[in-house]
Amino acid sequence: MTQQHNRPALGLDLGTTNSLIATANQGKVRLLLGPEGQLLLPSVVHYAADGAVLVGHGAAAFAEREPARTLASVKRWMGRSANEPGASRELGTRFAIPQSEDEARTLRFELGDRRVTPLEVSSELVKALAQSAREQLGELGTVVVTVPAYFDDAQRQATRDAGRLAGLESVRLLNEPTAAALAYGLAARQNGTFLVYDLGGGTFDVTILRLEDGLFQVKSTGGDTALGGDDVDRLLALGWLESQGLEPGDVDYGELRQLLAVARELKHQLTLADTASANVTLAGGLVRPFTLTRTELNALLLPLLERTGRAVRRALRDASLSREQLNGVVLVGGATRMPALRDYVTELLGQAPLDGVDPDTVVAAGAALQAELLASGSEDVLLLDVLPLSLGIETMGGLVERLLPRNCAVPAGAMGVFTTHVDNQTGFSLKIVQGERELAADCRSLAEFTLRGLPALPAGRARLELSFAVDENGLLTVTARELVTGLIQVVEVRPSAGLSSGEVEALVAQAAARRSADVEARALAELRVHGEGLVRATDRSLSQDGDLLGDDERSEIDEALERLRRGLGNAERALLLELLVEELHVLTREFAERRMNRAVVEAVTGAGLRSAQSGEGAPDV
Amino acid sequence: MDAFTRLSLPARFSLDELELERAQAAQLAALHPARLLREVGINDADFELLRQQRQLASEAVNLARRELACPVRRAELLLGLRGIACSSGKSEPLLLERILEQRELLEEARGARELERVEQVFGAARRRRDALVAELAAWLDQPVAVEPQVDPLLDCSLEAARVVSRLDELRYVQRLLEAAERALDELDL
C-alpha cells in the first residue's frame, strides 16, 4: 500500500502558447478543464497594477490594453540569463535591464513597478492549473510536468522550481515527445521505431523512440529551444511592417502585440483557407489591411522548416537509423497543423505522419499516463530517456572536457579526475557546461563553483575527482573530492542562469505567505473584468431596447448598474463585487428574455435588417 | 563487475542493439528509480537514500550498456578477460598514412563546405569500421584455442597480436567517423 497510489495522478503540459491538464485512471486518460472552464489555458499572465494576477483568457484580454503588464510565451525564456543572445531584441517582449552582474544571471520582465522572472510567471500558470485540478479531483498525488526534450539543465531546474513555487511538493519532469509517444503507443499498442516531430509555440524537438512491449526507449533526441510557431508570427509581423514601409521601432509596444496577434490569427486561418485578411489599427486610429496568402506563408516557413529538417537528420544519424527504418511519424504541437509543414515532413521522411493524434492534447495525455504509472508502480511500462546535450567542464584554454555524451541513457553518471596547473594552487575553479561545441564559451554555462582549502602542492600533484550524476528527470548534480588529501567539500552548484536555490526558497516562502491574499486578488481581478463587461453590455442593451422595460424595472436596473459601477471603482473585497454582479444579472434576466424574443420576431419578419445594417450584433444581455 | 556481468549477458563480441536494449531494460525494470514507490511510514531521509541507491545502480546499468554498445570497448573487455593487452602501443606507418589522408580529405571537404565529399569520407569510414568489426568478431567469438606462436612484444599468439592491431585501427577509424559526423552536423545547415 502506498501513499501515492491513493491520490489522483496529474499530467501538466506547460506549453509556450497553451497549457492544459489531464488525469489518468487505469490507463484511461481524462482531459481536465482549466480554471476558465476550457481545456486549453492560454499561457498568458497579467500582472495588474493593484497586485492582482490573472491567467489565461482573462489575462489575454489585457494584452492590447496593458501589453507591458501582460506576459505571453515566457517558456522561451525559462532558465535564461539577461545576457542571453536575443533577449534584448525579442519582438513584443519587454525585458528588465539588470542592475548588477548578479541580477544579470536571471532574465526578468519589466512590469513598471515590478520585475518578475519567467519562473515566477510560469508558476502562476501551474498554480492556477493545479488548483483547478484539485477542485475536480481532490488532493493531488504524483504530478508530472512536461518539458521540451531539448531543454538543458537550467531550463529543467527552472521548470521544476516553478512547480515548487506553485505549491507542488514533488514534481516529476517528462520530455514532451516521450509523453506523446507514451500516449500514442499505449493507445495504439503498436511496437516499432517512431519519430516524434514536436513543433510547439516556442520550441522544436525531435525524438526517435523504440516501443517494444511496454518499453519506451529513446534512441536519440535533438531540436532547438528557440524555434516555434511564435517565430512564424514574428516573421509575418516583421514582413508586414516592412511592406508598410515601417520599422519595428515605428510602432509602440501595444501595436506590436496586436500585430503579432493578427499574424497568428491569419496563420491559423490559412490552415484551411488559401487567403486570409484582417485589419491592423495603428496609432491615431489608422486602419491598414493585413492580407496573406498560403503561398506567401509557405515561402516564409521554408527556412524554419529546414532548420527542423537539420535536427531530424541529425537525430536519425545519432540513432544510426535511416528514414526507411521508421515505422511511423507522430506530429505534436499546434504548429504542426500547417499544411506546408505536413508536406515538408512527408517529403523529408518519405512517409505521411500518423493520423488520429491530437497534437494539442497528446502531451498532457502522456504526462497523465506517466503520472499514473509512477504512482501505481506498474511493471508493464518503462520509459528510458536520454540526455539531450553533452555535459562537461571547462579545462585549460577554454576547451570542453565531456564527461557525459549526448543521447546517453539517464540516469547517468560519470567521473573525471583533474589536476592543478600552478604550484601551490589551493583552489579549483570549475565551470560546468552543456552543449556540443568544442569551446566552453560556445556552450551553455550551467554552474560555476570553487573548491577551496586544498593543501599547497606542486602543479600536477593534486587530484580532483569530479562526479556528475543525472537523475531520471534529467537534472544534474555535481560533487567534487580531492583525492591526495581525501578532502571532501560540500559545494553549492550555483546556477549560472536562473535563480539560486536560496532565491527559490525565498520565493516559495513569500508565495506561501501571500497565498490567501493572492486568491482574493485573483478573484477580485476576475470579477472586475466580468463586471466591466456586464456594465458595457447592459448600457448597450438599454440604449437599444430600453423601451421593453417598465419605469420601475428601468429604475431598478439603473440603480443596480450604478452600484456596480461604484463597486468596480472602489471594491476591495471580491465578495462585495460578486454580490453586485449577481444583483445586476438577476435584475436583467427578464429583460434579456424580452430582447431575445424581439430579436426572433424581427428575424422572422425581416425587421432585423435594422441591426444588421447598423453593424450591431445579437443581444448582449 | 564487468559490463557483461552487469547486464547478465554472455561475454562475446557479437551483440546486437536489440539484445543489449533488452538486457538493459530487464535490469532497469527492477532498479530504475521511477519504479520506487513511497511506502507508508517511510521518512524523507530513508526514501531519498533508497532513491539514490537505485539511481546509482541504474547509472551502472546504463554505463554498462554504453560500454557494450561501443565495439572498441567491447573488444577491450574481451581481450582483458583473456589476459591480452588491448593495445599494441605501436603504430603502423601505412595505417597512419591512410588515416591522415582521410582526415585531410575530410578537412578539405569541410573547409570547402562540400557536403557530398564529407559524406563520401563518412561512408568509407563506416564501411571500414564494419569490416574491422566483422574481423574482430570472427576471432573474439571463437573458443580460445592453443596457439603456440608467440608475439614477442605482446606476449600472445601471433593471431591475437593481429587482432590487437585491428583494434588499434578501429580506434583510429572511430575517431575519424566522429570527426566526419561533426563535419556533417556543421555542413547540414
# chains A, B, ... in the order shown; residues from 1 in each chain; ligands from 1

call {"tool": "residues_around", "arguments": {"residues": "range 197-206 of chain A", "least_positions_apart": "2", "cutoff": "6 Å", "atoms": "only C-alpha atoms", "output": "list in words"}}
result
Thr16, Thr17, Arg76, Thr221, Gly222, Gly223, Asp224, Thr225, Ala226, Leu227, Gly228, Gly229, Asp230, Leu331, Val332, Gly333 and Ala335 of chain A

call {"tool": "write_last_selection", "arguments": {"atoms": "C-alpha atoms", "output": "PDB file, in the first residue's frame"}}
result
ATOM      1  CA  THR A  16       4.548  28.074 -24.742  1.00  0.00           C
ATOM      2  CA  THR A  17       1.169  29.068 -26.184  1.00  0.00           C
ATOM      3  CA  ARG A  76      11.053  30.538 -24.305  1.00  0.00           C
ATOM      4  CA  THR A 221      16.808  13.429 -29.353  1.00  0.00           C
ATOM      5  CA  GLY A 222      17.562  16.845 -30.761  1.00  0.00           C
ATOM      6  CA  GLY A 223      15.996  20.167 -31.524  1.00  0.00           C
ATOM      7  CA  ASP A 224      16.049  23.860 -30.889  1.00  0.00           C
ATOM      8  CA  THR A 225      14.689  25.525 -27.766  1.00  0.00           C
ATOM      9  CA  ALA A 226      14.249  28.794 -29.622  1.00  0.00           C
ATOM     10  CA  LEU A 227      12.231  27.739 -32.648  1.00  0.00           C
ATOM     11  CA  GLY A 228       8.458  27.507 -32.790  1.00  0.00           C
ATOM     12  CA  GLY A 229       5.175  28.872 -34.037  1.00  0.00           C
ATOM     13  CA  ASP A 230       5.925  32.207 -32.346  1.00  0.00           C
ATOM     14  CA  LEU A 331       3.303  15.159 -35.057  1.00  0.00           C
ATOM     15  CA  VAL A 332       2.913  17.132 -31.836  1.00  0.00           C
ATOM     16  CA  GLY A 333       2.141  20.819 -31.213  1.00  0.00           C
ATOM     17  CA  ALA A 335       2.091  24.468 -35.304  1.00  0.00           C
TER      18      ALA A 335
END

call {"tool": "closest_atom_pairs", "arguments": {"of": "chain B", "to": "chain A", "cutoff": "12 Å", "atoms": "only C-alpha atoms", "output": "CSV"}}
result
residue,atom,partner,partner_atom,distance
B:Glu17,CA,A:Ser320,CA,10.5
B:Leu18,CA,A:Arg210,CA,10.0
B:Leu20,CA,A:Gln217,CA,11.9
B:Glu21,CA,A:Gln217,CA,8.3
B:Arg22,CA,A:Leu215,CA,8.9
B:Ala23,CA,A:Leu215,CA,11.8
B:Gln24,CA,A:Leu384,CA,9.9
B:Ala25,CA,A:Leu215,CA,7.4
B:Ala26,CA,A:Leu215,CA,9.8
B:Gln27,CA,A:Leu382,CA,11.4
B:Leu28,CA,A:Leu382,CA,8.5
B:Ala29,CA,A:Leu382,CA,7.0
B:Ala30,CA,A:Glu379,CA,8.8
B:Leu31,CA,A:Pro411,CA,10.8
B:His32,CA,A:Pro411,CA,8.2
B:Pro33,CA,A:Glu472,CA,7.2
B:Ala34,CA,A:Leu374,CA,6.2
B:Arg35,CA,A:Gly377,CA,5.5
B:Leu36,CA,A:Gly377,CA,7.1
B:Leu37,CA,A:Gly377,CA,6.3
B:Arg38,CA,A:Thr2,CA,5.9
B:Glu39,CA,A:Thr2,CA,4.8
B:Val40,CA,A:Thr2,CA,5.5
B:Gly41,CA,A:Gln3,CA,9.0
B:Ile42,CA,A:Gln3,CA,10.1
B:Asp44,CA,A:Ser170,CA,11.9
B:Arg51,CA,A:Asp471,CA,9.8
B:Gln52,CA,A:Asp471,CA,9.1
B:Gln53,CA,A:Asp471,CA,11.6
B:Arg54,CA,A:Pro411,CA,9.4
B:Gln55,CA,A:Pro411,CA,6.2
B:Leu56,CA,A:Gly413,CA,7.6
B:Ala57,CA,A:Pro411,CA,9.1
B:Ser58,CA,A:Pro411,CA,6.1
B:Glu59,CA,A:Ala412,CA,4.6
B:Ala60,CA,A:Gly413,CA,7.6
B:Val61,CA,A:Ala412,CA,9.0
B:Asn62,CA,A:Ala409,CA,6.1
B:Leu63,CA,A:Ala412,CA,7.2
B:Ala64,CA,A:Ala412,CA,10.7
B:Arg65,CA,A:Ala409,CA,8.9
B:Arg66,CA,A:Cys408,CA,7.3
B:Glu67,CA,A:Cys408,CA,10.8
B:Ala69,CA,A:Cys408,CA,10.9
B:Glu119,CA,A:Arg317,CA,12.0
B:Phe122,CA,A:Arg317,CA,11.4
B:Arg126,CA,A:Ser320,CA,11.2
B:Leu177,CA,A:Arg317,CA,11.7
B:Glu178,CA,A:Asp318,CA,10.8
B:Ala179,CA,A:Glu438,CA,11.9
B:Ala180,CA,A:Arg317,CA,11.6
B:Glu181,CA,A:Arg317,CA,8.3
B:Arg182,CA,A:Glu436,CA,9.3
B:Ala183,CA,A:Arg314,CA,11.4
B:Leu184,CA,A:Arg314,CA,8.6
B:Asp185,CA,A:Arg314,CA,6.8
B:Glu186,CA,A:Arg310,CA,9.9
B:Leu187,CA,A:Arg310,CA,9.7
B:Asp188,CA,A:Arg310,CA,6.1
B:Leu189,CA,A:Arg310,CA,6.4

call {"tool": "atom_distance", "arguments": {"atom1": "CA of Cys443 in chain A", "atom2": "CA of Thr178 in chain A"}}
result
25.2 Å

call {"tool": "atom_distance", "arguments": {"atom1": "CA of Leu119 in chain A", "atom2": "CA of Arg164 in chain A"}}
result
10.2 Å

call {"tool": "residues_around", "arguments": {"residues": "Val74 in chain A", "least_positions_apart": "3", "cutoff": "8 Å", "atoms": "only C-alpha atoms", "output": "VMD selection string"}}
result
chain A and resid 16 71 77 to 78 118 121 to 122

call {"tool": "closest_residue", "arguments": {"among": "B:Val121, B:Val72, B:Glu169, B:Val133", "to": "Leu94 in chain B", "atoms": "only C-alpha atoms"}}
result
B:Glu169

call {"tool": "atom_distance", "arguments": {"atom1": "CA of Ser467 in chain A", "atom2": "CA of Met415 in chain A"}}
result
4.5 Å

call {"tool": "residues_around", "arguments": {"residues": "Leu305 in chain A", "least_positions_apart": "4", "cutoff": "8 Å", "atoms": "only C-alpha atoms", "output": "list in words"}}
result
Leu301, Gly309, Leu341 and Tyr344 of chain A

call {"tool": "write_last_selection", "arguments": {"atoms": "N, CA and C atoms", "output": "PDB file, in the first residue's frame"}}
result
ATOM      1  N   LEU A 301       7.858  30.128 -44.344  1.00  0.00           N
ATOM      2  CA  LEU A 301       8.069  28.996 -43.438  1.00  0.00           C
ATOM      3  C   LEU A 301       9.299  28.171 -43.786  1.00  0.00           C
ATOM      4  N   GLY A 309      14.460  20.269 -40.244  1.00  0.00           N
ATOM      5  CA  GLY A 309      14.937  19.138 -41.035  1.00  0.00           C
ATOM      6  C   GLY A 309      16.363  18.762 -40.662  1.00  0.00           C
ATOM      7  N   LEU A 341       3.828  22.344 -43.429  1.00  0.00           N
ATOM      8  CA  LEU A 341       4.688  21.577 -42.526  1.00  0.00           C
ATOM      9  C   LEU A 341       4.460  20.084 -42.728  1.00  0.00           C
ATOM     10  N   TYR A 344       6.127  19.060 -45.820  1.00  0.00           N
ATOM     11  CA  TYR A 344       7.588  19.041 -45.666  1.00  0.00           C
ATOM     12  C   TYR A 344       8.034  17.767 -44.942  1.00  0.00           C
TER      13      TYR A 344
END

call {"tool": "closest_residue", "arguments": {"among": "A:Gly51, A:Gly486, A:Gly79, A:Gly285", "to": "Arg114 in chain A", "atoms": "only C-alpha atoms"}}
result
A:Gly51

call {"tool": "select_by_dssp", "arguments": {"residues": "range 51-164 of chain B", "states": "strand (DSSP E)", "output": "list in words"}}
result
Val150, Asp151, Cys156 and Ser157 of chain B

call {"tool": "write_last_selection", "arguments": {"atoms": "C-alpha atoms", "output": "PDB file, in the first residue's frame"}}
result
ATOM      1  CA  VAL B 150      54.063 -16.039 -29.681  1.00  0.00           C
ATOM      2  CA  ASP B 151      54.345 -12.329 -30.447  1.00  0.00           C
ATOM      3  CA  CYS B 156      50.415 -13.518 -27.029  1.00  0.00           C
ATOM      4  CA  SER B 157      49.829 -15.602 -30.130  1.00  0.00           C
TER       5      SER B 157
END

call {"tool": "select_by_dssp", "arguments": {"residues": "chain B", "states": "helix (DSSP H, G or I)", "output": "MDAnalysis selection string"}}
result
chainID B and resid 3:6 17:31 33:35 44:69 71:81 93:111 115:140 158:187

call {"tool": "closest_residue", "arguments": {"among": "A:Glu176, A:Asp161, A:Asp231, A:Glu465", "to": "Val363 in chain A", "atoms": "only C-alpha atoms"}}
result
A:Glu176
